[in-house]
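Participant: Pasting final28.txt here (compact mmCIF, C-alpha atoms and all ligand atoms):
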# COMPACT_ATOMS: atom_id res chain seq x y z
CA MET A 127 108.63 143.11 84.85
CA PRO A 128 106.11 145.85 84.05
CA ARG A 129 107.62 149.31 84.47
CA ARG A 130 106.33 151.01 87.65
CA ARG A 131 104.21 153.94 86.54
CA LYS A 132 104.67 157.37 88.11
CA ARG A 133 101.02 157.29 89.10
CA ASP A 134 101.47 154.16 91.21
CA LEU A 135 103.41 156.17 93.79
CA ILE A 136 101.62 156.76 97.09
CA ILE A 137 101.36 160.49 97.79
CA LYS A 138 101.54 161.37 101.46
CA GLY A 139 100.15 164.54 103.04
CA PHE A 140 98.59 165.75 99.79
CA SER A 141 95.69 167.54 101.51
CA LYS A 142 98.13 169.70 103.50
CA LEU A 143 99.86 171.11 100.41
CA LEU A 144 99.16 174.50 98.87
CA LYS A 145 96.79 174.46 95.90
CA GLU A 146 99.58 175.48 93.51
CA ASP A 147 101.64 172.50 94.66
CA LYS A 148 98.70 170.14 94.32
CA VAL A 149 98.16 171.28 90.72
CA ARG A 150 101.85 170.92 89.97
CA ILE A 151 102.03 167.40 91.43
CA VAL A 152 98.95 166.27 89.53
CA SER A 153 100.28 167.75 86.27
CA GLU A 154 103.62 166.04 86.76
CA LEU A 155 101.81 162.73 86.94
CA MET A 156 100.03 163.37 83.65
CA ASP A 157 101.50 162.59 80.24
CA LYS A 158 100.96 166.12 78.93
CA GLN A 159 102.22 168.06 81.93
CA VAL A 160 102.11 171.62 80.62
CA GLU A 161 98.73 171.19 78.93
CA SER A 162 97.29 169.62 82.08
CA MET A 163 98.45 172.49 84.29
CA ASP A 164 97.20 175.10 81.80
CA LEU A 165 93.85 173.37 81.44
CA MET A 166 93.24 173.15 85.18
CA LYS A 167 94.21 176.78 85.70
CA SER A 168 92.13 177.98 82.77
CA PHE A 169 89.03 176.90 84.67
CA TRP A 170 89.90 178.86 87.81
CA HIS A 171 87.62 181.79 88.48
CA GLU A 172 89.27 185.12 87.68
CA ASP A 173 88.01 186.59 90.95
CA TYR A 174 90.29 185.17 93.66
CA LYS A 175 87.69 185.56 96.42
CA MET A 176 85.07 183.72 94.38
CA GLN A 177 87.52 180.92 93.60
CA LYS A 178 88.29 180.59 97.29
CA ILE A 179 84.60 179.93 97.99
CA PHE A 180 84.61 177.05 95.49
CA ASP A 181 87.93 175.72 96.79
CA GLU A 182 86.53 175.50 100.28
CA PHE A 183 83.40 173.53 99.38
CA SER A 184 85.57 170.46 99.16
CA GLU A 185 88.99 168.99 99.84
CA ASN A 186 91.94 168.94 97.42
CA THR A 187 90.22 171.26 94.94
CA ILE A 188 92.47 171.91 91.96
CA SER A 189 89.99 173.30 89.44
CA ASN A 190 86.30 173.79 88.66
CA PHE A 191 84.20 171.45 86.52
CA TYR A 192 81.69 173.34 84.38
CA ILE A 193 78.22 171.93 83.74
CA PRO A 194 75.62 173.88 81.74
CA TYR A 195 73.21 176.02 83.75
CA GLY A 196 69.97 176.16 81.75
CA VAL A 197 66.44 177.34 82.24
CA ALA A 198 63.00 175.83 81.62
CA PRO A 199 60.39 178.58 81.29
CA ASN A 200 56.61 178.22 81.69
CA VAL A 201 56.60 175.72 84.56
CA VAL A 202 53.16 176.48 85.98
CA VAL A 203 52.67 174.89 89.40
CA ASN A 204 49.42 175.47 91.28
CA GLY A 205 48.73 178.46 89.04
CA VAL A 206 52.13 180.12 89.57
CA ASN A 207 54.43 180.44 86.55
CA HIS A 208 58.08 179.62 87.28
CA LEU A 209 61.34 180.03 85.43
CA VAL A 210 63.21 176.92 86.59
CA PRO A 211 67.02 176.69 86.63
CA LEU A 212 68.44 173.31 85.61
CA VAL A 213 72.04 172.19 85.93
CA ILE A 214 72.67 169.15 83.77
CA GLU A 215 75.20 167.87 81.26
CA GLU A 216 72.81 165.63 79.30
CA SER A 217 71.69 167.24 76.07
CA SER A 218 67.90 167.33 75.57
CA VAL A 219 66.85 167.28 79.26
CA VAL A 220 66.22 171.04 79.37
CA ALA A 221 64.51 170.92 75.98
CA ALA A 222 62.31 168.04 77.15
CA ALA A 223 61.34 169.80 80.40
CA SER A 224 60.64 173.04 78.52
CA SER A 225 58.45 171.53 75.81
CA SER A 226 56.44 169.57 78.34
CA ALA A 227 56.08 172.60 80.63
CA ARG A 228 54.90 174.69 77.67
CA PHE A 229 52.29 172.09 76.70
CA TRP A 230 50.92 171.76 80.23
CA SER A 231 50.97 175.52 80.81
CA GLU A 232 48.16 175.61 78.22
CA HIS A 233 46.30 172.65 79.75
CA GLY A 234 45.85 173.54 83.39
CA GLY A 235 49.47 173.45 84.55
CA PHE A 236 50.90 171.13 87.18
CA ARG A 237 48.94 170.58 90.39
CA ALA A 238 51.02 169.69 93.43
CA GLU A 239 50.66 169.01 97.13
CA VAL A 240 53.14 168.21 99.85
CA VAL A 241 51.91 165.17 101.74
CA ASP A 242 54.29 165.62 104.68
CA VAL A 243 57.81 166.80 105.54
CA VAL A 244 58.99 164.37 108.21
CA LYS A 245 62.66 163.32 108.23
CA ILE A 246 64.15 160.44 110.20
CA GLY A 247 67.35 159.89 112.19
CA GLN A 248 68.50 156.86 114.16
CA VAL A 249 70.73 156.10 117.11
CA HIS A 250 71.73 152.45 116.68
CA PHE A 251 72.80 150.72 119.90
CA LEU A 252 73.35 147.37 121.57
CA TRP A 253 71.85 146.81 125.01
CA LYS A 254 71.57 143.64 127.07
CA GLY A 255 68.58 144.53 129.20
CA ASP A 256 64.93 144.08 129.94
CA LYS A 257 62.99 145.86 127.19
CA GLN A 258 59.92 146.34 129.41
CA LYS A 259 62.08 148.24 131.91
CA LEU A 260 63.32 150.51 129.14
CA LEU A 261 59.78 151.10 127.92
CA SER A 262 58.65 151.99 131.44
CA VAL A 263 61.21 154.84 131.59
CA PHE A 264 60.95 155.80 127.92
CA ASP A 265 58.93 158.98 128.57
CA GLU A 266 61.59 160.07 131.03
CA LEU A 267 64.30 159.28 128.46
CA LYS A 268 62.48 161.34 125.82
CA SER A 269 62.48 164.38 128.14
CA VAL A 270 66.19 163.88 128.84
CA LEU A 271 66.95 163.71 125.13
CA ARG A 272 64.88 166.80 124.37
CA GLU A 273 66.44 168.71 127.25
CA GLY A 274 69.98 167.66 126.23
CA THR A 275 69.58 169.08 122.72
CA LYS A 276 67.84 172.36 123.59
CA HIS A 277 70.96 174.31 122.61
CA ILE A 278 70.74 172.79 119.12
CA THR A 279 66.97 172.83 118.64
CA ALA A 280 66.19 176.36 119.92
CA ASN A 281 67.02 178.01 116.62
CA MET A 282 65.24 175.41 114.53
CA GLU A 283 62.12 175.76 116.71
CA LYS A 284 62.11 179.51 116.03
CA ARG A 285 61.97 178.67 112.32
CA GLY A 286 59.00 176.33 112.84
CA GLY A 287 60.87 173.01 112.94
CA GLY A 288 62.39 170.76 115.58
CA ILE A 289 62.17 167.27 117.02
CA LEU A 290 58.77 165.65 116.45
CA ASP A 291 58.92 162.33 118.26
CA PHE A 292 61.03 159.43 119.55
CA GLU A 293 60.37 155.74 119.08
CA LEU A 294 62.12 152.73 120.56
CA VAL A 295 62.62 150.11 117.86
CA ASP A 296 63.38 146.58 119.00
CA LEU A 297 65.34 144.69 116.36
CA THR A 298 66.77 142.01 118.63
CA ASN A 299 65.17 139.43 116.33
CA GLN A 300 67.50 140.64 113.54
CA LEU A 301 70.67 141.17 115.55
CA ASP A 302 71.38 140.20 119.16
CA ASN A 303 70.70 143.07 121.60
CA TYR A 304 70.12 145.57 118.80
CA TYR A 305 67.79 148.55 119.32
CA GLN A 306 67.28 151.93 117.72
CA ILE A 307 66.04 155.24 118.97
CA LYS A 308 64.23 156.39 115.86
CA VAL A 309 63.64 160.12 115.86
CA SER A 310 61.41 162.14 113.57
CA PHE A 311 62.27 165.75 112.71
CA ASP A 312 60.81 168.72 110.90
CA THR A 313 63.67 170.83 109.54
CA ALA A 314 61.48 173.70 108.24
CA ASP A 315 63.05 175.28 105.11
CA SER A 316 66.48 173.70 105.51
CA MET A 317 67.65 170.32 104.25
CA GLY A 318 68.59 169.81 107.88
CA ALA A 319 71.25 167.11 107.58
CA ASN A 320 73.68 168.85 109.94
CA PHE A 321 70.92 169.68 112.38
CA ILE A 322 69.67 166.09 112.50
CA ASN A 323 73.14 164.57 112.81
CA SER A 324 74.14 167.01 115.56
CA CYS A 325 70.99 166.13 117.53
CA LEU A 326 71.59 162.41 117.06
CA GLU A 327 75.19 162.53 118.27
CA GLU A 328 74.01 164.42 121.35
CA PHE A 329 71.22 161.85 121.93
CA ALA A 330 73.84 159.10 121.86
CA ILE A 331 75.82 160.76 124.66
CA GLU A 332 72.65 161.37 126.69
CA LEU A 333 71.46 157.80 126.12
CA LYS A 334 74.69 156.33 127.43
CA SER A 335 74.59 158.37 130.62
CA PHE A 336 70.84 157.73 131.05
CA PHE A 337 71.53 153.99 131.28
CA LYS A 338 74.55 154.52 133.49
CA ASN A 339 72.91 156.82 136.01
CA ASN A 340 69.38 155.42 136.22
CA ASP A 341 68.56 153.31 139.27
CA ALA A 342 65.89 151.45 137.31
CA PHE A 343 68.68 149.45 135.70
CA CYS A 344 70.84 146.70 137.18
CA ASP A 345 74.63 146.71 136.63
CA LYS A 346 74.44 144.76 133.37
CA GLU A 347 71.77 147.16 132.09
CA LYS A 348 73.83 150.25 132.86
CA GLU A 349 76.05 149.45 129.88
CA CYS A 350 75.11 150.21 126.31
CA THR A 351 77.19 150.26 123.14
CA ILE A 352 76.45 153.03 120.68
CA ILE A 353 77.06 151.67 117.20
CA MET A 354 76.31 154.83 115.22
CA SER A 355 74.09 157.90 115.04
CA ILE A 356 73.03 159.12 111.61
CA LEU A 357 70.06 160.47 109.67
CA SER A 358 68.27 158.19 107.24
CA ASN A 359 68.17 159.29 103.62
CA TYR A 360 65.00 157.26 103.22
CA THR A 361 62.31 159.90 103.71
CA PRO A 362 58.98 158.29 102.69
CA ASP A 363 57.16 160.85 104.84
CA CYS A 364 58.84 163.83 103.22
CA LEU A 365 56.63 163.29 100.24
CA VAL A 366 55.23 165.34 97.37
CA ARG A 367 52.51 164.48 94.86
CA VAL A 368 52.23 166.24 91.50
CA TRP A 369 49.90 165.63 88.58
CA VAL A 370 48.65 166.94 85.26
CA GLU A 371 45.31 166.19 83.68
CA CYS A 372 43.26 167.03 80.62
CA SER A 373 40.65 165.56 78.29
CA PHE A 374 41.73 163.02 75.68
CA LYS A 375 40.72 165.61 73.05
CA GLU A 376 43.37 168.02 74.32
CA LEU A 377 46.01 165.39 73.51
CA ASP A 378 45.01 165.26 69.83
CA SER A 379 47.78 167.66 68.84
CA LEU A 380 50.58 165.55 70.30
CA ASP A 381 51.00 163.15 67.40
CA SER A 382 49.96 163.23 63.77
CA GLU A 383 49.17 159.52 63.69
CA LEU A 384 47.40 159.01 67.02
CA THR A 385 44.17 160.53 68.30
CA GLY A 386 44.34 161.97 71.80
CA GLU A 387 42.56 158.89 73.14
CA GLN A 388 44.93 156.49 71.38
CA PHE A 389 47.88 158.50 72.65
CA ALA A 390 46.52 158.36 76.23
CA GLN A 391 46.06 154.60 76.00
CA LYS A 392 49.50 153.94 74.52
CA PHE A 393 51.05 156.24 77.14
CA GLU A 394 49.22 154.39 79.93
CA THR A 395 50.46 151.03 78.61
CA ALA A 396 54.05 152.32 78.54
CA VAL A 397 53.76 153.48 82.17
CA LYS A 398 52.10 150.18 83.21
CA ILE A 399 55.11 148.29 81.80
CA ALA A 400 57.31 150.30 84.20
CA GLU A 401 55.08 149.11 87.04
CA PHE A 402 56.20 145.47 86.72
CA ASP A 403 59.32 145.34 84.55
CA ILE A 404 62.36 146.48 86.52
CA HIS A 405 64.49 147.13 83.46
CA ARG A 406 61.93 149.56 82.10
CA ALA A 407 61.11 150.92 85.59
CA THR A 408 64.75 151.91 86.20
CA THR A 409 64.97 153.83 82.91
CA HIS A 410 61.52 155.34 83.43
CA ASN A 411 62.51 156.64 86.87
CA LYS A 412 65.87 157.81 85.54
CA GLY A 413 63.89 160.04 83.19
CA ILE A 414 62.09 161.52 86.21
CA PHE A 415 65.37 162.18 88.04
CA ASN A 416 66.81 163.85 84.93
CA GLY A 417 64.58 166.79 85.86
CA ILE A 418 64.62 166.51 89.65
CA ASP A 419 68.41 166.17 89.91
CA ALA A 420 68.92 169.14 87.60
CA VAL A 421 66.81 171.37 89.87
CA ALA A 422 68.51 169.91 92.95
CA LEU A 423 71.95 170.73 91.53
CA ALA A 424 70.93 174.22 90.43
CA THR A 425 69.59 175.00 93.90
CA GLY A 426 72.49 173.46 95.83
CA ASN A 427 70.48 170.49 97.11
CA ASP A 428 71.86 167.01 97.72
CA PHE A 429 70.84 165.05 94.61
CA ARG A 430 72.44 161.81 95.84
CA ALA A 431 70.20 161.83 98.92
CA ILE A 432 67.18 162.59 96.74
CA GLU A 433 67.96 159.78 94.29
CA ALA A 434 68.62 157.28 97.08
CA ALA A 435 65.27 158.07 98.73
CA GLY A 436 63.43 157.98 95.41
CA HIS A 437 64.72 154.58 94.37
CA THR A 438 64.04 153.06 97.80
CA TYR A 439 60.53 154.52 97.67
CA ALA A 440 60.07 152.97 94.24
CA ALA A 441 60.79 149.58 95.84
CA ARG A 442 58.79 150.14 99.05
CA ASN A 443 56.36 147.31 98.35
CA GLY A 444 59.07 144.73 97.70
CA GLY A 445 59.43 145.17 93.93
CA TYR A 446 61.01 148.14 92.14
CA LYS A 447 58.44 150.06 90.09
CA SER A 448 57.63 153.29 88.35
CA LEU A 449 57.26 156.37 90.55
CA SER A 450 54.61 157.76 88.22
CA SER A 451 51.25 156.36 87.17
CA VAL A 452 48.42 157.06 84.74
CA GLU A 453 44.68 157.16 85.31
CA ASN A 454 42.61 157.21 82.12
CA LYS A 455 38.95 157.57 83.07
CA ASP A 456 35.78 159.15 81.65
CA GLY A 457 37.56 160.63 78.65
CA ARG A 458 40.29 162.20 80.79
CA PHE A 459 44.03 161.57 81.06
CA LYS A 460 45.73 162.03 84.46
CA PHE A 461 49.48 161.57 84.97
CA ILE A 462 50.68 161.45 88.57
CA LEU A 463 54.08 161.39 90.29
CA GLU A 464 54.61 160.68 93.97
CA VAL A 465 58.17 161.05 95.18
CA PRO A 466 60.00 161.70 98.46
CA LEU A 467 62.02 164.93 98.15
CA ALA A 468 64.07 166.15 101.10
CA MET A 469 64.99 169.62 99.87
CA GLY A 470 65.91 172.93 101.43
CA THR A 471 65.95 176.57 100.44
CA VAL A 472 68.00 177.97 103.30
CA GLY A 473 71.38 177.05 104.77
CA GLY A 474 74.18 174.95 103.35
CA LEU A 475 75.16 175.31 99.72
CA THR A 476 71.86 177.08 98.89
CA ASN A 477 73.31 180.21 100.45
CA LEU A 478 77.02 179.70 99.79
CA HIS A 479 77.15 178.86 96.11
CA PRO A 480 76.51 182.11 94.19
CA LEU A 481 74.59 180.33 91.43
CA ALA A 482 72.55 178.21 93.86
CA LYS A 483 71.58 181.44 95.61
CA HIS A 484 70.71 182.93 92.24
CA SER A 485 68.55 179.88 91.41
CA ILE A 486 66.59 180.26 94.63
CA GLU A 487 66.01 183.91 93.77
CA MET A 488 65.01 183.00 90.20
CA LEU A 489 62.36 180.72 91.69
CA GLY A 490 61.02 183.59 93.78
CA SER A 491 62.65 182.49 97.07
CA PRO A 492 60.31 179.53 97.62
CA SER A 493 59.80 177.66 100.88
CA ALA A 494 61.17 174.10 101.02
CA LYS A 495 57.63 172.82 100.39
CA GLU A 496 57.28 175.00 97.29
CA LEU A 497 60.66 173.84 95.99
CA MET A 498 59.56 170.21 96.49
CA GLN A 499 56.48 170.93 94.36
CA ILE A 500 58.43 172.71 91.60
CA SER A 501 61.09 169.98 91.46
CA ALA A 502 58.49 167.22 91.32
CA ALA A 503 56.70 169.12 88.53
CA VAL A 504 59.94 169.24 86.51
CA GLY A 505 60.44 165.51 87.18
CA LEU A 506 56.94 164.82 85.84
CA ALA A 507 57.54 167.17 82.90
CA ASN A 508 60.66 165.23 81.89
CA ASN A 509 58.89 161.92 82.40
CA PHE A 510 55.98 163.09 80.23
CA SER A 511 58.31 164.25 77.44
CA ALA A 512 60.30 161.02 77.49
CA VAL A 513 57.29 158.69 77.41
CA ARG A 514 55.55 160.91 74.86
CA SER A 515 58.55 160.60 72.52
CA LEU A 516 58.93 156.89 73.18
CA VAL A 517 55.33 156.06 72.26
CA THR A 518 55.35 158.32 69.18
CA LYS A 519 58.43 159.30 67.17
CA GLY A 520 61.08 157.71 69.45
CA ILE A 521 63.71 159.63 71.39
CA GLN A 522 66.55 159.50 68.92
CA ILE A 523 65.25 162.35 66.72
CA GLY A 524 65.41 164.80 69.62
CA HIS A 525 68.55 163.32 71.15
CA MET A 526 70.39 163.28 67.87
CA LYS A 527 69.70 166.95 67.25
CA MET A 528 71.57 167.75 70.45
CA HIS A 529 74.10 165.01 69.82
CA LEU A 530 74.85 166.58 66.42
CA MET A 531 75.96 169.77 68.17
CA ASN A 532 78.27 167.80 70.47
CA ILE A 533 79.85 166.03 67.49
CA LEU A 534 80.18 169.34 65.58
CA ASN A 535 81.87 170.89 68.62
CA HIS A 536 84.25 167.93 68.69
CA PHE A 537 85.31 168.90 65.14
CA GLU A 538 85.50 172.55 66.20
CA ALA A 539 82.94 173.43 63.53
CA THR A 540 82.39 177.11 62.78
CA GLU A 541 78.95 178.71 63.07
CA GLU A 542 78.64 178.54 59.28
CA GLU A 543 79.54 174.83 59.22
CA LYS A 544 77.05 174.15 62.03
CA LYS A 545 74.28 175.88 60.12
CA LYS A 546 74.98 173.78 57.02
CA ALA A 547 75.19 170.58 59.08
CA VAL A 548 71.85 171.23 60.80
CA GLU A 549 70.20 171.71 57.38
CA TYR A 550 71.83 168.58 55.95
CA PHE A 551 71.04 166.31 58.90
CA VAL A 552 67.32 167.09 58.91
CA GLY A 553 66.86 164.22 56.48
CA ASN A 554 70.07 162.27 57.13
CA LYS A 555 71.12 159.96 59.94
CA VAL A 556 73.26 161.58 62.65
CA SER A 557 76.25 159.44 63.56
CA PHE A 558 79.86 160.27 64.40
CA ALA A 559 81.06 158.77 61.10
CA ASN A 560 78.44 160.61 59.02
CA VAL A 561 79.16 163.96 60.66
CA SER A 562 82.90 163.41 60.27
CA GLU A 563 82.44 162.67 56.55
CA PHE A 564 80.14 165.67 56.09
CA ILE A 565 82.60 168.06 57.77
CA SER A 566 85.63 166.82 55.85
CA LYS A 567 83.74 167.06 52.51
CA LEU A 568 82.57 170.55 53.43
CA ARG A 569 86.09 171.65 54.35
CA LYS A 570 87.56 170.19 51.13
CA SER A 571 85.00 171.98 48.99
C1 LIG A 601 67.21 159.53 78.97
O1 LIG A 601 68.06 160.31 79.74
C2 LIG A 601 65.92 159.26 79.69
C3 LIG A 601 64.94 158.32 79.02
O2 LIG A 601 65.60 157.10 78.70
C4 LIG A 601 63.81 158.11 79.97
C5 LIG A 601 62.82 157.05 79.54
O3 LIG A 601 63.19 156.13 78.80
O4 LIG A 601 61.67 157.14 80.01
C6 LIG A 601 64.48 158.89 77.69
Let me see the structure of the file written as structure tokens.
Ligand code: MEV
Facilitator:
Amino acid sequence: MPRRRKRDLIIKGFSKLLKEDKVRIVSELMDKQVESMDLMKSFWHEDYKMQKIFDEFSENTISNFYIPYGVAPNVVVNGVNHLVPLVIEESSVVAAASSSARFWSEHGGFRAEVVDVVKIGQVHFLWKGDKQKLLSVFDELKSVLREGTKHITANMEKRGGGILDFELVDLTNQLDNYYQIKVSFDTADSMGANFINSCLEEFAIELKSFFKNNDAFCDKEKECTIIMSILSNYTPDCLVRVWVECSFKELDSLDSELTGEQFAQKFETAVKIAEFDIHRATTHNKGIFNGIDAVALATGNDFRAIEAAGHTYAARNGGYKSLSSVENKDGRFKFILEVPLAMGTVGGLTNLHPLAKHSIEMLGSPSAKELMQISAAVGLANNFSAVRSLVTKGIQIGHMKMHLMNILNHFEATEEEKKKAVEYFVGNKVSFANVSEFISKLRKS
């Protein structure tokens, strides 16, 4: 019989315990109890009030998890130079964004435009009635729904947003009796998730009583079953387009072995591959989200929502493909990214997290539309750097430089040892085994 491990025990009422008790219980379940407790506590913020803010972002918080907060300078978007905060654990992403931003700052910068900022929410319901009857009273229903949410929308309307429109979607061919009220929203400078969901839950209540109390409907039609009310993270109409362009000649400096024109052609081929090969497309788009997610995290935006929308958008025509594209024409190279980005600069974590607030200030307190443009520019910057490396020297040279530091830190190398290692590994292959051997030789000598 295998011995029952301590960790297999079911813990009841954990969320109701004091933080100290939660930390103690977790440590007791670890093999190195004292070290575990000390480690978790060592990452608590020394300012109690500040720590309380972090604790309350989530449930069962027992410590903080640090991720580097970096900066990419020289991100010129529509002629404005930005210092962009990036929160990311992957070595080389900030370096890649920075080197690309620097290059493009001297070649016209990033151009960007927001195509639209529409967000969608849905009330999903089952109704056994005559659709034509529902359509005939739909205008009346819309007014009822608007009226019923005035207490929620008043504030948003003052800020320039609100409910845009309602649509009845008949999906009875997919699922018996299944309809949606599909609502479009403008949430101004906020991400707007709470606003949208609050409106939708109110619509659901109003919808139920509209059926019940309307004489247009027979008894059977007075009943409706609300299945759920929730925003959609697919936001194809909350879309931003960003691009860079220059002459082939201006690309001459990018590689010692390729002319600018050859570079542009090789780059275009690499991007074309990501337009039909899903394995390459996924990695290609991951490179774009390296930058976008890092800005989203730094500014307190929901990177999971952004990623979900981006990948769905990449598959909008039935096959998953690259979000960016290249146009090489008349001696000019143009690299374009089109991506849905539902981002906000007010409300939620953007105001609560001290570093998110700081990031927004570092960016010059942009509107949501400006933040969409900056984030997309960083996504394109990272994508450019990645594909540039891939079609020239490969990515391992750059990656390994950063990787070397991680390995050296693993061996707790001193500054002096790091300096020697960096010199040595300029011409030698970086691998865990090689660095380990180098450090032990160095320490013996
Ligand atoms: C690594 O995080 C991202 C890349 O793999 C992106 C790409 O291949 O385009 C370098």
Participant: Could you tell me how far atom CA of A:Ile418 lies from atom CA of A:Val517, in Å and to one decimal?
Facilitator: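 Interatomic distance here is 22.3 Å.
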Participant: Can you tell me how far atom CA of A:Ile193 sits from atom CA of A:Glu215, in Å to one decimal?
Facilitator: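 We find that atom CA of A:Ile193 and atom CA of A:Glu215 lie 5.6 Å from each other.
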Participant: Quick one: residues within 7 Å of ligand LIG 601 (chain A), with only C-alpha atoms and all ligand atoms, as a VMD selection string?
Facilitator: chain A and resid 409 to 413 416 509 512 to 513 521
Participant: Name the residues in contact with A:Asn554 at a cut-off of 12 Å, using all atoms listed in the file, excluding same-chain residues fewer than 2 positions from it; report them as a list in words.
Facilitator: Ile523, Met526, Lys527, Leu530, Ala547, Val548, Glu549, Tyr550, Phe551, Val552, Val556, Ser557, Asn560, Val561 and Phe564 of chain A
Participant: Tell me which of A:Ala314, A:Val366, A:Lys254, A:Leu478 sits closest to A:Lys348, counting all atoms listed in the file.
Facilitator: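 The answer is A:Lys254, which sits nearest to A:Lys348.
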Participant: Could you list as a list of chain:residue names every residue that has an atom within 12 Å of (37.6, 165.6, 80.1), using the file's coordinates and counting only C-alpha atoms?
Facilitator: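 All residues meeting the 12 Å criterion around (37.6, 165.6, 80.1) are A:His233, A:Gly234, A:Glu371, A:Cys372, A:Ser373, A:Phe374, A:Lys375, A:Glu376, A:Leu377, A:Gly386, A:Glu387, A:Asn454, A:Lys455, A:Asp456, A:Gly457, A:Arg458, A:Phe459, A:Lys460.
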Participant: My list of candidates is A:Tyr174, A:Phe311, A:Phe343, A:Phe558. Which is closest to A:Met282 when distances are computed with only C-alpha atoms?
Facilitator: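 Smallest distance to A:Met282 is found for A:Phe311.
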Participant: Give me the residues within 8 Å of stretch 201-204 of chain A as a ChimeraX atom specification, counting all atoms listed in the file and dropping any in the same chain fewer than 5 places off.
Facilitator: /A:209-210,224,227-228,230-231,235-238,499-500,503-504
Participant: Extract, using only C-alpha atoms, all DNA, RNA and protein residues at most 12 Å from A:Lys178, discarding same-chain residues fewer than 2 positions from it, and format them as a ChimeraX atom specification.
Facilitator: /A:145,170-176,180-185,187-190,478-479
Participant: Here is a test: counting all atoms listed in the file, which residue of A:Leu506, A:Leu135, A:Ala441, A:Val421 is nearest to A:Ala482?
Facilitator: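 Of A:Leu506, A:Leu135, A:Ala441, A:Val421, the one nearest A:Ala482, counting all atoms listed in the file, is A:Val421.
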Participant: So the first atom is atom CA of A:Ile137 and the second is atom CA of A:Gln177; what is the distance between them in Å, to one decimal place?
Facilitator: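 So the two atoms, atom CA of A:Ile137 and atom CA of A:Gln177, lie 25.0 Å apart.
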Participant: So, with only C-alpha atoms as the atoms that count, which of A:Ile462, A:Leu252, A:Ala435, A:Ala507 lies closest to A:Ile414?
Facilitator: A:Ala507
Participant: Could you name the residues that touch stretch 327-331 of chain A at 9 Å or less, counting only C-alpha atoms, but leaving out those on the same chain fewer than 2 positions away, as number ranges by chain?
Facilitator: A: 249-251, 270-272, 274-275, 307, 322-325, 333-336, 352, 354-356
Participant: If you take all atoms listed in the file and a cut-off of 12 Å, which residues of stretch 178-296 of chain A touch stretch 485-497 of chain A, and what are their nearest atom pairs and distances in Å to one decimal, in chain and number order, as JSON lines?
Facilitator:
{"residue": "A:Tyr195", "atom": "CA", "partner": "A:Ser485", "partner_atom": "CA", "distance": 9.8}
{"residue": "A:Gly196", "atom": "CA", "partner": "A:Ser485", "partner_atom": "CA", "distance": 10.4}
{"residue": "A:Val197", "atom": "CA", "partner": "A:Ser485", "partner_atom": "CA", "distance": 9.7}
{"residue": "A:Ala198", "atom": "CA", "partner": "A:Leu489", "partner_atom": "CA", "distance": 11.2}
{"residue": "A:Pro199", "atom": "CA", "partner": "A:Leu489", "partner_atom": "CA", "distance": 10.8}
{"residue": "A:Asn200", "atom": "CA", "partner": "A:Leu489", "partner_atom": "CA", "distance": 11.8}
{"residue": "A:Val201", "atom": "CA", "partner": "A:Leu489", "partner_atom": "CA", "distance": 10.4}
{"residue": "A:Val202", "atom": "CA", "partner": "A:Leu489", "partner_atom": "CA", "distance": 11.6}
{"residue": "A:Val203", "atom": "CA", "partner": "A:Glu496", "partner_atom": "CA", "distance": 9.1}
{"residue": "A:Asn204", "atom": "CA", "partner": "A:Glu496", "partner_atom": "CA", "distance": 9.9}
{"residue": "A:Val206", "atom": "CA", "partner": "A:Gly490", "partner_atom": "CA", "distance": 10.4}
{"residue": "A:Asn207", "atom": "CA", "partner": "A:Leu489", "partner_atom": "CA", "distance": 9.5}
{"residue": "A:His208", "atom": "CA", "partner": "A:Leu489", "partner_atom": "CA", "distance": 6.2}
{"residue": "A:Leu209", "atom": "CA", "partner": "A:Leu489", "partner_atom": "CA", "distance": 6.4}
{"residue": "A:Val210", "atom": "CA", "partner": "A:Leu489", "partner_atom": "CA", "distance": 6.4}
{"residue": "A:Pro211", "atom": "CA", "partner": "A:Ser485", "partner_atom": "CA", "distance": 5.9}
{"residue": "A:Leu212", "atom": "CA", "partner": "A:Ser485", "partner_atom": "CA", "distance": 8.8}
{"residue": "A:Val213", "atom": "CA", "partner": "A:Ser485", "partner_atom": "CA", "distance": 10.1}
{"residue": "A:Arg237", "atom": "CA", "partner": "A:Glu496", "partner_atom": "CA", "distance": 11.7}
{"residue": "A:Ala238", "atom": "CA", "partner": "A:Glu496", "partner_atom": "CA", "distance": 9.1}
{"residue": "A:Glu239", "atom": "CA", "partner": "A:Lys495", "partner_atom": "CA", "distance": 8.6}
{"residue": "A:Val240", "atom": "CA", "partner": "A:Lys495", "partner_atom": "CA", "distance": 6.5}
{"residue": "A:Val241", "atom": "CA", "partner": "A:Lys495", "partner_atom": "CA", "distance": 9.6}
{"residue": "A:Asp242", "atom": "CA", "partner": "A:Lys495", "partner_atom": "CA", "distance": 9.0}
{"residue": "A:Val243", "atom": "CA", "partner": "A:Lys495", "partner_atom": "CA", "distance": 7.9}
{"residue": "A:Val244", "atom": "CA", "partner": "A:Lys495", "partner_atom": "CA", "distance": 11.6}
{"residue": "A:Arg285", "atom": "CA", "partner": "A:Ser493", "partner_atom": "CA", "distance": 11.7}
{"residue": "A:Gly287", "atom": "CA", "partner": "A:Ala494", "partner_atom": "CA", "distance": 12.0}
Participant: Please provide as a list in words all residues within 9 Å of A:Val397, with the sequence filter that same-chain residues fewer than 6 positions apart are discarded (counting only C-alpha atoms).
Facilitator: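 Non-adjacent residues within range: Ala407, His410, Ser448, Ser450, Ser451, Val452 and Val513 of chain A.
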